[in-house]
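Chemist: Okay, here's the structure, questions in a sec.
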Amino acid sequence: EILLKIFSYLDAVTLLCTGCVNRRFYHLANDNFIWFRIYTTAFSPKRCNWKVNSAEKTAVSMKSLSVEDKEAGYWKKEFITKQRASVKAVLAQVLQPVNPDTGLPVKTKEALRISGLCWVIILKAKNGQEYVMEHTDVSVHDSSVTILWYGKNWPQLAMLAALDLCGVTPVFMDRSKAPSKNGPRWHSLIAKYNLSNLTESTMIGWDSLIRIFCLHPGLLVGLWKREEELAFVMANLHFHHLVEKSTLGSATVPYELPPHTPLLDDHPEYGLHGYQLHVDMHSGGIFYLCGTFRNLFTKKGSIENGYVKLVVIRFKNNTEHLPLIGKFGLSWRTDVFDGCIKSCSIMDVTLLDEYGKPFWCFSSPVCMRSSGPSDGPNFLGQTYCVDYVDSEGKVHVELVWIKETEEYFIVSLVLYLRTAKINQWFGTA
């Protein structure tokens with residue numbers, strides 16, 4: 001009784017932290033009477049000049065009578081649920097204005113800041129043990145964020161089975177204060193990865209020190225060449241629904257996107273028209289390509305093998321060809337070494353439909369592979385290709401290395417969109 005009396009003076013944050021001390025404190029800190037008072041103080045109608053009407057009084061008294069009937073921790077869960085709902089409402093308001101050029105929320109960076117969002121990876125060993133690592137560095141770009149983990153205390157790779165990527169936010173958000181890392185925090189699962197997939201088929205590049213592997217969606221894993229152990233982990237997350245995925249899921253279940261309402265297509269026989277593509281290729285804060293392509297279209301006859309072909313840059317049209325700026329490569333670093341893998345970079349793609357809505361978005365590591373000498377009529381040089389594939393489509397980029405100017409030129413850029421995705425988007429067949 002004395003401990004419960006002491007606990008009754010604690011605020012919600014301190015009470016939740018106290019419950020982490022030991023098993024006895026956990027059960028005492030779940031007391032329904034304490035949490036019911038915290039709940040009603042925080043969420044009951046606050047009126048200064050008007051009396052609470054009889055219906056509200058009756059509702060509160062009925063709730064207090066049922067406090068004993070609820071299972072232990074009921075009102076704690078109710079309080080946290082209501083608190084989470086208020087956080088969701090604040091973030092939804094911040095994310096409401098949309099940039100017509102990108103189709104993405106204007107204030108994504110502000111939402112990341114006020115939510116106190118950070119990201120962790122949870123390394124899961126084969127024996128069930130878990131290792132939680134907080135991010136070391138974050139880089140925010142125009143349409144994506146890159147998160148990096150490195151250090152000296154990685155568990156042995158042979159012990160590990162899986163990796164979970166989670167967003168972490170304070171349970172109690174206070175916009176007037178900097179978020180505290182010591183208070184209760186909420187985990188939102190973004191993606192699960194199987195570490196047994198670190199094989200030759202997923203390796204996309206290497207240098208003298210490391211080999212890098214790409215796991216979908218958007219995860220880059222670097223292994224030391226000599227020891228075959230973890231050197232760093234890099235996650236690349238597109239802004240589209242980033243805040244929701246990082247804050248509104250649970251520790252075991254990812255955030256579920258709202259159901260898509262099919263859009264009206266007045267002339268489906270004409271194919272797709274009025275599409276807009278924004279594509280970035282970057283690494284380490286350096287952008288090699290930053291391009292926006294408007295009024296893209298494709299005809300219904302372009303369907304082949306379950307894909308619709310959307311040509312962005314045509315091989316035969318020299319006026320559309322674009323150079324890559326700077327020395328192409330993917331920068332990496334750890335607490336001991338750093339380097340650059342010349343054949344790789346990060347690609348961000350944002351494809352908007354004719355209504356300006358995000359149709360297909362991703363941020364992922366990609367690699368450039370040699371495809372032999374060019375047979376183009378207007379240029380001579382070694383040709384390379386960059387390919388990306390996921391469940392919604394494919395990207396194929398062709399480049400030529402111009403030796404005289406020492407730069408790459410993009411001579412072809414084609415998107416292949418799955419017809420199943422298009423049919424689902426428009427509710428057609």
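By order of appearance in the structure tokens: chains A, B, ..., then residues from 1 within every chain, and ligands from 1 in the order shown.
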DSSP on the backbone: which residues in stretch 83-225 of chain A end up as strand (DSSP E)? Give the answer as a ChimeraX atom specification.
Modeler: /A:118-125,130-134,137-140,144-150,160-170,185-194,203-206,210-215,219-224
Chemist: Got a sec: who's within 6 Å of A:Leu157, counting only C-alpha atoms, leaving out chain neighbours fewer than 2 positions off, as an mmCIF file with all heavy atoms, in the first residue's frame?
Modeler:
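Result saved to part.cif:
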```
data_model
loop_
_atom_site.group_PDB
_atom_site.id
_atom_site.type_symbol
_atom_site.label_atom_id
_atom_site.label_comp_id
_atom_site.auth_asym_id
_atom_site.auth_seq_id
_atom_site.Cartn_x
_atom_site.Cartn_y
_atom_site.Cartn_z
ATOM 1 N N MET A 159 26.300 -15.906 -36.100
ATOM 2 C CA MET A 159 25.279 -16.090 -35.061
ATOM 3 C C MET A 159 23.918 -15.540 -35.472
ATOM 4 O O MET A 159 22.898 -15.893 -34.885
ATOM 5 C CB MET A 159 25.703 -15.364 -33.777
ATOM 6 C CG MET A 159 26.986 -15.872 -33.144
ATOM 7 S SD MET A 159 27.541 -14.719 -31.856
ATOM 8 C CE MET A 159 26.021 -14.373 -30.973
ATOM 9 N N LEU A 160 23.887 -14.640 -36.479
ATOM 10 C CA LEU A 160 22.681 -13.870 -36.770
ATOM 11 C C LEU A 160 21.802 -14.535 -37.821
ATOM 12 O O LEU A 160 22.296 -15.168 -38.755
ATOM 13 C CB LEU A 160 23.063 -12.460 -37.230
ATOM 14 C CG LEU A 160 23.909 -11.642 -36.245
ATOM 15 C CD1 LEU A 160 24.305 -10.316 -36.866
ATOM 16 C CD2 LEU A 160 23.145 -11.423 -34.943
ATOM 17 N N GLU A 229 32.737 -10.191 -41.614
ATOM 18 C CA GLU A 229 31.897 -9.707 -40.515
ATOM 19 C C GLU A 229 31.295 -8.360 -40.886
ATOM 20 O O GLU A 229 31.745 -7.684 -41.818
ATOM 21 C CB GLU A 229 32.727 -9.572 -39.222
ATOM 22 C CG GLU A 229 33.209 -10.891 -38.650
ATOM 23 C CD GLU A 229 32.089 -11.790 -38.154
ATOM 24 O OE1 GLU A 229 30.959 -11.294 -37.976
ATOM 25 O OE2 GLU A 229 32.346 -12.986 -37.941
#
```
Chemist: Choose the residue, out of A:Thr169, A:Asn423, A:Thr40, A:Ser144, that has the smallest atom-to-atom separation from A:Pro184; count only C-alpha atoms.
Modeler: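 Closest residue, counting only C-alpha atoms: A:Thr169.
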Chemist: Please indicate the distance in Å from atom CA of A:Ser250 to atom CA of A:Val120, rounded to one decimal place.
Modeler: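 One can read the atom CA of A:Ser250 to atom CA of A:Val120 distance as 13.6 Å.
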Chemist: Using only C-alpha atoms, can you tell me which of A:Ser331, A:Asn32, A:Ser371, A:Thr383 comes closest to A:Leu148?
Modeler: A:Ser331
Chemist: Can you tell me which residues surround A:Ser196 at a distance of at most 8 Å, considering only C-alpha atoms, apart from same-chain residues fewer than 3 positions away, and format the answer as a list in words?
Modeler: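 Listing them by chain and then by number gives Ala161, Ala162 and Thr199 of chain A.
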Chemist: Between A:Val414, A:Val106, A:Val145, A:Val132, which has the minimum distance to A:Phe315 (counting only C-alpha atoms)?
Modeler: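 Of the candidates, the smallest distance to A:Phe315 is held by A:Val414.
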Chemist: Quick one: residues within 10 Å of A:Asp390, only C-alpha atoms, excluding same-chain residues fewer than 5 positions away - as number ranges by chain?
Modeler: A: 216-217, 362, 395, 418
